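Q: Supplied in structure tokens, the structure appears directly below.
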Amino acid sequence: MQRSIAILSWAAAAYATSLSSTCTVSHIKSSLPEDGYILGVTFDHSSVTANAVYNTSYSNYFFPDATIDYCNVTFSYSHAGSDDTVILGYYMPAPESYKNRFLATGGGAYAIQSGSQSAPGGVMYGAASGFTDGGFGSMDTDFDDIFLLGNGTINWPLVYMFGYQAIEEMTIIGKQFTKNFYGTTNSSRLYTYYQGCSEGGREGWSQAQRAGSEYDGLIIGAPAIRYGQQQANHLYSNVVEKTLDYYPPTCELEKIVNETIAACDPLDGRTDGVVSRSDLCQLHFNMSSIIGKPYYCAASTSSSLGLGFGKRDSTEPAQNGTVTAEAVAVAQTIVDGLHDSEGRQVYISYQMGASFEDAQTTYNSDTGEWELSIAGAGGEWVARFLELQDADNLSSLEGVTYDTLKGWMIQGMERYMDSLQTNLPDLTTFYENGGKIIHFHGEQDESIPTGSSVHYYNSVRQTMYPGKSYNESTDALKEWYRLYLVPGAAHCATNDLQPNGPFPQTNFAVMANWVEKGIVPETLNATILQGEYEGKNEQICAWPLRPLWTENSTLNCVYDQASIDTFDYTFDAYKLPLY
């Protein structure tokens, strides 16, 4: 009772209170929810830290540049009967900047959080912003570091924490903590949002599917859903090279990509170096036309982070040659996607115009030959998460076939169906809670196939509106869930190969306007962040409409059935539906 009176008396002066006076350990302790607020959860009051941060500049793909003040808060909790510690972090806006908003954030690759990169993007819009270490031991510890208790033994509690539980708990705790911190009553509306891309996108869908009543709006980018298929799919390009017995020099692959971009760029009605219509590229461009074209690359030494899943270092000689039929066959087979030995479709690949990141080869200076370089994301997945060995990659793909890949995909799907797979299409609870979804994906994503998002969108549409026609179900779905394919964009980022492509930086503002003011994002606001048109505003069409520019550079969002059909996948290699 005394604690409640203290909170209510403080509430009257909440917005007149300064950041310095609220950002104290004593105030944080008094703002923690009661033990048992979540059944079995106990807070460690001795773990509380609070640090006021002023005039900090922030820059990121996903939010406009801003300078912010906030209270950097951390504290931990544990679960009854479990010797665990889960660390939470929250960035709390200055009281005068707070707008009754809470933003949950996720991570990337095997990191469950990206706090210092993502949380400021909520603060700039007046949102308390949260992140979690998932109980992994620290904010610097990734899921793959703690996945195994020992060779052959999975740490299942932390699998479920990574899968969905930790983000949900961080949100539920954070919402009550935010109300207590700012002295608002429990009856006051706290608009609750989530934003994340890649693994963060998968985490966003985990919340839509398993904690739908907690959120008003979800901003989900390029989600790594269908985890069993997605992770093993990184090895598909390598298996294509091995099967066709050709390992293209990196410059040859680069030439194929650049020629594809040049040929497909004008198909959308505007020549700007951006492939906005990879569907038209698929329908009208024959990759064999690149055979015989010359390429040249100077000698180089490079280090690639492999999209967060493993480092690739390479020293390459000068490369001078012409594009071979063998290289085009490798590229076309990769684009066609994985099929088993009976020709049945197993999974999706990348859109035409995307770079061949997974297919990158390595140069052997001793033999003067280009050789297989096993993609770390796929290699670690099989070695660690399927074979349960404490290893960062496979040592060899000897004996691995398309059918082997299919088997690995099925194994991963079945083992992690209720934790990491994250492709449940029934979003009834979220929908009935009035939630909204902005789902975006780069048209030239080189890590998570763009078609993966389209296929899940269609799975939700068909599941939520089974008795309606295509157009009727699309019209119903767009009232609360909209998908946008970002022209030319790479994986959760701009694309150096297509620098004039736009990127949606203001998604939080767009979502807040949709949820709080009913302003429907008919198109998604975006900005060109590099290249000759840097700073120019663009709009992105909502699926299934596709962009088409007229002669005076006017954008039209058009319905094109043939183009839509290129994103229609029948995964007949499985007996059960693959949503």
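Residues in the structure tokens are named by chain (A, B, ... in the order shown) and by number from 1 within that chain; ligands are numbered from 1 in the order shown.
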Hey, what's within 8 Å of Val48 of chain A if we count only C-alpha atoms and toss same-chain stuff fewer than 4 positions away? As a VMD selection string, please?

A: chain A and resid 25 28 to 29 44 73 to 76

Q: Dump N, CA, C and O atoms for the selected residues as a PDB file, in the first residue's frame?

A:
```pdb
ATOM      1  N   VAL A  25      18.949   5.051  -9.058  1.00  0.00           N
ATOM      2  CA  VAL A  25      18.772   3.652  -8.660  1.00  0.00           C
ATOM      3  C   VAL A  25      17.559   3.503  -7.743  1.00  0.00           C
ATOM      4  O   VAL A  25      16.770   2.552  -7.876  1.00  0.00           O
ATOM      5  N   ILE A  28      14.377   3.622  -9.810  1.00  0.00           N
ATOM      6  CA  ILE A  28      14.233   2.397 -10.611  1.00  0.00           C
ATOM      7  C   ILE A  28      13.744   1.252  -9.718  1.00  0.00           C
ATOM      8  O   ILE A  28      12.825   0.509 -10.092  1.00  0.00           O
ATOM      9  N   LYS A  29      14.342   1.104  -8.557  1.00  0.00           N
ATOM     10  CA  LYS A  29      13.924   0.034  -7.651  1.00  0.00           C
ATOM     11  C   LYS A  29      12.446   0.167  -7.283  1.00  0.00           C
ATOM     12  O   LYS A  29      11.705  -0.825  -7.235  1.00  0.00           O
ATOM     13  N   ASP A  44      15.809  -8.977  -9.007  1.00  0.00           N
ATOM     14  CA  ASP A  44      16.988  -8.748  -8.169  1.00  0.00           C
ATOM     15  C   ASP A  44      17.199  -7.240  -8.031  1.00  0.00           C
ATOM     16  O   ASP A  44      17.770  -6.592  -8.907  1.00  0.00           O
ATOM     17  N   VAL A  73      18.819   2.088 -18.222  1.00  0.00           N
ATOM     18  CA  VAL A  73      18.465   1.278 -17.054  1.00  0.00           C
ATOM     19  C   VAL A  73      18.775  -0.190 -17.319  1.00  0.00           C
ATOM     20  O   VAL A  73      18.520  -0.699 -18.421  1.00  0.00           O
ATOM     21  N   THR A  74      19.322  -0.881 -16.333  1.00  0.00           N
ATOM     22  CA  THR A  74      19.423  -2.338 -16.394  1.00  0.00           C
ATOM     23  C   THR A  74      19.015  -2.933 -15.054  1.00  0.00           C
ATOM     24  O   THR A  74      19.204  -2.318 -14.001  1.00  0.00           O
ATOM     25  N   PHE A  75      18.438  -4.104 -15.101  1.00  0.00           N
ATOM     26  CA  PHE A  75      18.194  -4.901 -13.897  1.00  0.00           C
ATOM     27  C   PHE A  75      17.961  -6.339 -14.336  1.00  0.00           C
ATOM     28  O   PHE A  75      17.840  -6.615 -15.542  1.00  0.00           O
ATOM     29  N   SER A  76      17.927  -7.256 -13.410  1.00  0.00           N
ATOM     30  CA  SER A  76      17.810  -8.665 -13.762  1.00  0.00           C
ATOM     31  C   SER A  76      16.700  -9.349 -12.971  1.00  0.00           C
ATOM     32  O   SER A  76      16.208  -8.826 -11.976  1.00  0.00           O
TER      33      SER A  76
END
```

Q: Need to verify the contact set: Thr22 of chain A, 10 Å, only C-alpha atoms, exclusion of same-chain residues closer than 3 positions in sequence. Can you return it as a list in words?

A: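 Non-adjacent residues within range: Ala14, Thr17, Ser18, Leu19, Val25, Ser26, His27, Ile28, Ala50, Ala52, Cys71, Met92, Ala94, Pro95, Phe181 and Tyr182 of chain A.
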
Q: Given the choices A:Gly108, A:Gly488, A:Pro248, A:Gly412, which gets closest to Trp370 of chain A if the distance is worked out from only C-alpha atoms?

A: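 Among the listed residues, the smallest separation from Trp370 of chain A belongs to A:Pro248.
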
Q: Measuring atom to atom with only C-alpha atoms, identify which of A:Ile374, A:Ala509, A:Val240, A:Leu218 is nearest to Arg482 of chain A.

A: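 Distance minimum relative to Arg482 of chain A lands on A:Leu218.
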
Q: Please return, as a PyMOL selection string, all residues of segment 65-293 of chain A that DSSP assigns to helix (DSSP H, G or I) on the basis of the backbone.

A: chain A and resi 95-97+115-118+120-123+143-146+156-182+199-210+212-214+227-233+236-244+250-268+278-284+287-290

Q: Report as a list in words all protein, DNA and RNA residues lying within 10 Å of Thr153 of chain A, evaluated on only C-alpha atoms, omitting residues in the same chain fewer than 5 positions from it.

A: Phe147, Leu148, Leu388 and Gln389 of chain A

Q: Which residues come within 8 Å of Ile225 of chain A, counting only C-alpha atoms, excluding same-chain residues fewer than 3 positions away, as a ChimeraX atom specification?

A: /A:202,205,230,420-423,452

Q: Could you write those residues out with all heavy atoms, as an mmCIF file, in the first residue's frame?

A:
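Done, and the output landed in out.cif:
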```
data_model
loop_
_atom_site.group_PDB
_atom_site.id
_atom_site.type_symbol
_atom_site.label_atom_id
_atom_site.label_comp_id
_atom_site.auth_asym_id
_atom_site.auth_seq_id
_atom_site.Cartn_x
_atom_site.Cartn_y
_atom_site.Cartn_z
ATOM 1 N N ARG A 202 12.277 -12.348 -37.183
ATOM 2 C CA ARG A 202 11.712 -13.615 -36.697
ATOM 3 C C ARG A 202 11.141 -13.430 -35.297
ATOM 4 O O ARG A 202 10.055 -13.928 -34.978
ATOM 5 C CB ARG A 202 12.787 -14.709 -36.679
ATOM 6 C CG ARG A 202 12.229 -16.098 -36.331
ATOM 7 C CD ARG A 202 13.308 -17.031 -35.821
ATOM 8 N NE ARG A 202 13.862 -16.587 -34.553
ATOM 9 C CZ ARG A 202 13.269 -16.757 -33.374
ATOM 10 N NH1 ARG A 202 12.084 -17.347 -33.275
ATOM 11 N NH2 ARG A 202 13.847 -16.315 -32.271
ATOM 12 N N TRP A 205 7.730 -11.902 -35.420
ATOM 13 C CA TRP A 205 6.658 -12.861 -35.721
ATOM 14 C C TRP A 205 6.413 -13.798 -34.546
ATOM 15 O O TRP A 205 5.275 -14.241 -34.329
ATOM 16 C CB TRP A 205 6.990 -13.659 -36.979
ATOM 17 C CG TRP A 205 6.707 -12.903 -38.246
ATOM 18 C CD1 TRP A 205 7.567 -12.619 -39.255
ATOM 19 C CD2 TRP A 205 5.464 -12.318 -38.635
ATOM 20 N NE1 TRP A 205 6.956 -11.891 -40.235
ATOM 21 C CE2 TRP A 205 5.654 -11.699 -39.884
ATOM 22 C CE3 TRP A 205 4.199 -12.255 -38.044
ATOM 23 C CZ2 TRP A 205 4.633 -11.023 -40.554
ATOM 24 C CZ3 TRP A 205 3.177 -11.573 -38.713
ATOM 25 C CH2 TRP A 205 3.398 -10.980 -39.947
ATOM 26 N N GLN A 230 15.439 -22.051 -43.626
ATOM 27 C CA GLN A 230 16.233 -20.851 -43.866
ATOM 28 C C GLN A 230 17.718 -21.047 -43.585
ATOM 29 O O GLN A 230 18.571 -20.649 -44.380
ATOM 30 C CB GLN A 230 15.683 -19.694 -43.012
ATOM 31 C CG GLN A 230 16.589 -18.488 -42.860
ATOM 32 C CD GLN A 230 16.957 -17.831 -44.180
ATOM 33 O OE1 GLN A 230 16.166 -17.831 -45.109
ATOM 34 N NE2 GLN A 230 18.163 -17.293 -44.258
ATOM 35 N N LEU A 420 11.823 -22.358 -32.771
ATOM 36 C CA LEU A 420 12.524 -21.473 -33.697
ATOM 37 C C LEU A 420 11.867 -21.367 -35.071
ATOM 38 O O LEU A 420 12.121 -20.404 -35.799
ATOM 39 C CB LEU A 420 13.973 -21.952 -33.886
ATOM 40 C CG LEU A 420 14.816 -22.118 -32.623
ATOM 41 C CD1 LEU A 420 16.213 -22.627 -32.986
ATOM 42 C CD2 LEU A 420 14.926 -20.816 -31.855
ATOM 43 N N GLN A 421 11.030 -22.314 -35.445
ATOM 44 C CA GLN A 421 10.478 -22.351 -36.805
ATOM 45 C C GLN A 421 9.658 -21.092 -37.116
ATOM 46 O O GLN A 421 9.766 -20.506 -38.175
ATOM 47 C CB GLN A 421 9.638 -23.615 -36.993
ATOM 48 C CG GLN A 421 9.231 -23.895 -38.423
ATOM 49 C CD GLN A 421 10.368 -24.354 -39.324
ATOM 50 O OE1 GLN A 421 11.518 -24.443 -38.906
ATOM 51 N NE2 GLN A 421 10.076 -24.618 -40.578
ATOM 52 N N THR A 422 8.796 -20.680 -36.206
ATOM 53 C CA THR A 422 8.135 -19.368 -36.200
ATOM 54 C C THR A 422 7.374 -19.068 -37.485
ATOM 55 O O THR A 422 7.497 -17.985 -38.063
ATOM 56 C CB THR A 422 9.158 -18.225 -35.934
ATOM 57 O OG1 THR A 422 10.146 -18.672 -35.000
ATOM 58 C CG2 THR A 422 8.477 -16.999 -35.369
ATOM 59 N N ASN A 423 6.572 -20.006 -37.957
ATOM 60 C CA ASN A 423 5.781 -19.738 -39.166
ATOM 61 C C ASN A 423 4.304 -20.099 -38.982
ATOM 62 O O ASN A 423 3.607 -20.409 -39.950
ATOM 63 C CB ASN A 423 6.362 -20.483 -40.365
ATOM 64 C CG ASN A 423 6.360 -21.996 -40.206
ATOM 65 O OD1 ASN A 423 6.419 -22.521 -39.098
ATOM 66 N ND2 ASN A 423 6.314 -22.710 -41.312
ATOM 67 N N SER A 452 10.304 -15.591 -49.253
ATOM 68 C CA SER A 452 9.940 -16.155 -47.955
ATOM 69 C C SER A 452 8.852 -15.318 -47.287
ATOM 70 O O SER A 452 7.905 -15.849 -46.698
ATOM 71 C CB SER A 452 11.175 -16.227 -47.055
ATOM 72 O OG SER A 452 10.833 -16.548 -45.728
#
```

Q: Leaving out segment 552-562 of chain A and any residue of its chain fewer than 3 positions from it, which residues lie within 10 Å of it when counting only C-alpha atoms, given as a list in words?

A: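 Once the adjacent positions are removed, what remains is Asp268, Gly269, Arg270, Thr271, Asp279, Leu280, Leu283, Thr523, Glu538, Gln539, Ile540, Cys541, Ala542, Trp543, Pro544, Leu545, Arg546, Pro547, Leu548, Trp549, Asp565, Thr566 and Phe567 of chain A.
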
Q: Using only C-alpha atoms, can you tell me which of A:Ser419, A:Asn100, A:Gln360, A:Ser300 comes closest to Tyr160 of chain A?

A: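 Between A:Ser419, A:Asn100, A:Gln360, A:Ser300, the residue approaching Tyr160 of chain A most closely is A:Ser419.
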
Q: Could you pull the residues within 10 Å of Ala232 of chain A, counting only C-alpha atoms, minus those fewer than 6 positions along the same chain, as a list of chain:residue names?

A: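 Near neighbours after the sequence-gap exclusion: A:Ala375, A:Ala377, A:Gly378, A:Gly379, A:Glu380, A:Trp381, A:Val382, A:Leu386, A:Leu405, A:Lys406, A:Gly407, A:Trp408, A:Met409, A:Ile410, A:Gly412.
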
Q: What residues in segment 400-564 of chain A get the DSSP label strand (DSSP E)? Please answer as a PyMOL selection string.

A: chain A and resi 436-442+481-486+502-503+523-528+537-541+546-549+555-558

Q: Tell me which of A:Cys197, A:Val53, A:Ile172, A:Ala66 sits closest to Thr105 of chain A, counting only C-alpha atoms.

A: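 Under the stated criterion, the closest residue is A:Cys197.
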
Q: Compare A:His339, A:Val275, A:Asp216, A:Ala359 by their minimum atom-to-atom distance to Thr250 of chain A, counting only C-alpha atoms, and give me the closest one.

A: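 Once distances to Thr250 of chain A are computed over only C-alpha atoms, the minimum belongs to A:Ala359.
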
Q: For each of A:Ile167, A:Ile290, A:Leu485, A:Val515, take the minimum atom-to-atom distance to Gly501 of chain A, counting only C-alpha atoms, then give the residue where this is smallest.

A: A:Leu485

Q: What is the distance between atom CA of Tyr110 of chain A and atom CA of Glu199 of chain A, in Å to one decimal?

A: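 Computed distance, atom CA of Tyr110 of chain A to atom CA of Glu199 of chain A, equals 7.3 Å.
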
Q: Quick one: everything within 10 Å of His284 of chain A, counting only C-alpha atoms, minus sequence neighbours fewer than 6 positions away in the same chain. Send it as a list in words.

A: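 Listed by chain and then number, they are Ala263, Cys264, Leu267 and Ser278 of chain A.
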
Q: Take atom CA of Ser341 of chain A and atom CA of Arg415 of chain A and report the distance between them in Å, one decimal.

A: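 We find that atom CA of Ser341 of chain A and atom CA of Arg415 of chain A lie 23.7 Å from each other.
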
Q: May I ask for the distance between atom CA of Gly442 of chain A and atom CA of Thr315 of chain A, given in Å to one decimal place?

A: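 Separating atom CA of Gly442 of chain A from atom CA of Thr315 of chain A is a distance of 29.4 Å.
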